[in-house]
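A.B. asks: Quick one: the structure is below, questions incoming.
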Amino acid sequence: MTETADLADRVRALPGMDRLLPTLDGLPPAFLVGGAVRDLLLAGQTVDIDVAIEGDARSAARTIVERLGGEMVEHERFGTATVRAGDLAVDLATTRRERYVEPGALPEVEPAGLSEDLGRRDFTINAMALGLSGDSLGVLEDPHDGREDLSDGVIRVLHGKSFVDDPTRLLRALRYEARFDFRMDDQTERLAREAAAGAGFSTVSGPRVRDELLDLLREPGAPAAIQRMRELSLDRALHPDLEADPELVASVQLASAETGADPVLAGLAALVSSNPRALGEWLEDLHLGRRENDAVARAAVKGPQLASTLR
Ligand code: CTP
């Protein structure tokens, strides 16, 4: 079987795809993108189905719902749409370019072709696309050699300013390293250390840091990610008084599994416990929600006893 035929089979096997694919007929070119392609290549399945349309994504979504039934939710602000029909759930977005006017701030976006859409992404393993329309079904678009990095276990940025443009990618790199047991290549790691020693996360809003940090703490391999956080001084980049302790994160997460406490918030409390007083304001700035904030702050003052308290 050719590679394209094999990938086409993997696409068809995704939930609801057998019904989605025929509805793309006559619409602008559609591609599976981002983590969905990565996971399909790695494991033959994916949790999220992200589709990029080289054209108007919301009008494509409307056509799909007319043909398929189900329902759609349009997200005005980003020009994207979610379609749900039975076991099918798909997010559609128009292919776009991004311009970072200020480091750390959300980028300005405008429609552009697929290659620019892939070129704006965080890492090579997330910068691939798989054709979904007509004869291009299963055709892999891989302009940044993501496939090779996927088989070599490498996390690699696409350009030298990636972490400065979007420092949340520093946390994403740790998360993917831990999840897949991958490693940043030397150049990417150097850029990560430089970004950490420079502006760090100071250019990013608290809620954006929160989302990536909680995603990281949600990974089964979170302690390994926290270990790397310390090695690369990314803890100090989050806050000069934050000292990441992977053993403590591991033990509180284990203990919370036993008691039914939230392992993600417990992991965050373990980080804050390195200096609860100095980190109080930083924690507030994450905008967790009052109850969660208070729970983390209360747990954090227990410091090294935190794990036994949870147990
Ligand atoms: N992305 C990016 N920079 C970010 C966040 C996301 O370039 N700071 C791109 C990546 O190409 C990523 C895609 O947007 O693959 C979707 O992001 P997200 O949903 O956060 O990640 P997934 O790829 O779906 O992977 P996972 O949720 O498994 O981490």
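By order in the structure tokens, chains are A, B, ...; within a chain, residues start at 1; ligands start at 1, following the order shown.
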Would you list the contacts of A:Arg147 as a CSV table (one decimal) with N, CA, C and O atoms, in the first residue's frame, taking every protein, DNA or RNA residue within 10 Å and counting only C-alpha atoms, but skipping same-chain residues closer than 6 positions in sequence?

C.D. replies:
```csv
chain,number,residue,atom,x,y,z
A,37,VAL,N,-2.7,15.6,12.9
A,37,VAL,CA,-1.9,14.9,11.9
A,37,VAL,C,-0.7,14.2,12.7
A,37,VAL,O,-0.4,13.0,12.4
A,38,ARG,N,-0.2,14.9,13.6
A,38,ARG,CA,0.9,14.4,14.5
A,38,ARG,C,0.4,13.0,15.1
A,38,ARG,O,1.1,12.0,15.0
A,41,LEU,N,-0.2,10.2,12.6
A,41,LEU,CA,1.0,9.6,12.2
A,41,LEU,C,1.7,8.7,13.3
A,41,LEU,O,2.2,7.6,13.1
A,42,LEU,N,1.6,9.2,14.5
A,42,LEU,CA,2.2,8.5,15.7
A,42,LEU,C,1.4,7.2,16.0
A,42,LEU,O,1.9,6.1,16.2
A,124,THR,N,7.8,21.7,14.4
A,124,THR,CA,7.7,21.0,13.2
A,124,THR,C,6.7,19.9,13.3
A,124,THR,O,6.0,19.6,12.3
A,125,ILE,N,6.7,19.2,14.4
A,125,ILE,CA,5.7,18.0,14.5
A,125,ILE,C,4.3,18.5,14.5
A,125,ILE,O,3.4,17.6,14.3
A,126,ASN,N,4.0,19.8,14.8
A,126,ASN,CA,2.7,20.3,14.7
A,126,ASN,C,2.4,21.1,13.4
A,126,ASN,O,1.4,21.8,13.4
A,127,ALA,N,3.3,21.1,12.5
A,127,ALA,CA,3.2,21.9,11.3
A,127,ALA,C,3.1,21.1,10.0
A,127,ALA,O,3.7,21.4,9.0
A,128,MET,N,2.3,20.0,10.1
A,128,MET,CA,2.0,19.2,9.0
A,128,MET,C,0.5,19.2,8.7
A,128,MET,O,-0.3,19.6,9.6
A,140,LEU,N,0.3,14.0,2.4
A,140,LEU,CA,0.9,14.7,3.5
A,140,LEU,C,1.6,15.9,3.0
A,140,LEU,O,2.5,15.8,2.1
A,141,GLU,N,1.3,17.1,3.6
A,141,GLU,CA,2.1,18.3,3.3
A,141,GLU,C,3.0,18.5,4.5
A,141,GLU,O,2.5,18.7,5.7
A,153,GLY,N,12.0,11.8,17.4
A,153,GLY,CA,11.7,12.3,18.7
A,153,GLY,C,12.3,13.6,19.0
A,153,GLY,O,12.8,13.9,20.1
A,154,VAL,N,12.1,14.6,18.1
A,154,VAL,CA,12.7,15.9,18.2
A,154,VAL,C,11.6,17.0,18.2
A,154,VAL,O,10.7,17.0,17.4
```

A.B. asks: Got a sec to check which residues lie within 7 Å of ligand 1, using only C-alpha atoms and all ligand atoms, and send them as a ChimeraX atom specification?

C.D. replies: /A:34-36,48,120-123,126-127,166,168-169

A.B. asks: Counting only C-alpha atoms, which residue out of A:Leu214, A:Asp262, A:His239, A:Leu191 sits closest to A:Glu281?

C.D. replies: A:His239

A.B. asks: Distance table requested - stretch 124-172 of chain A against stretch 1-6 of chain A, cut-off 8 Å, only C-alpha atoms: one row per qualifying residue with the closest atom pair and its distance in Å to one decimal, ordered by chain and rising residue number, as a Markdown table.

C.D. replies:
```
| residue | atom | partner | partner_atom | distance |
| --- | --- | --- | --- | --- |
| A:Leu137 | CA | A:Thr4 | CA | 7.7 |
| A:Gly138 | CA | A:Thr4 | CA | 4.8 |
| A:Val139 | CA | A:Thr4 | CA | 5.4 |
| A:Leu140 | CA | A:Thr4 | CA | 7.3 |
```

A.B. asks: Would you output that residue set with C-alpha atoms, as an mmCIF file, in the first residue's frame?

C.D. replies:
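Result saved to again23.cif:
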```cif
data_model
loop_
_atom_site.group_PDB
_atom_site.id
_atom_site.type_symbol
_atom_site.label_atom_id
_atom_site.label_comp_id
_atom_site.auth_asym_id
_atom_site.auth_seq_id
_atom_site.Cartn_x
_atom_site.Cartn_y
_atom_site.Cartn_z
ATOM 1 C CA LEU A 137 -7.132 12.643 0.478
ATOM 2 C CA GLY A 138 -4.197 11.293 2.489
ATOM 3 C CA VAL A 139 -1.554 13.479 0.810
ATOM 4 C CA LEU A 140 0.892 14.682 3.477
#
```
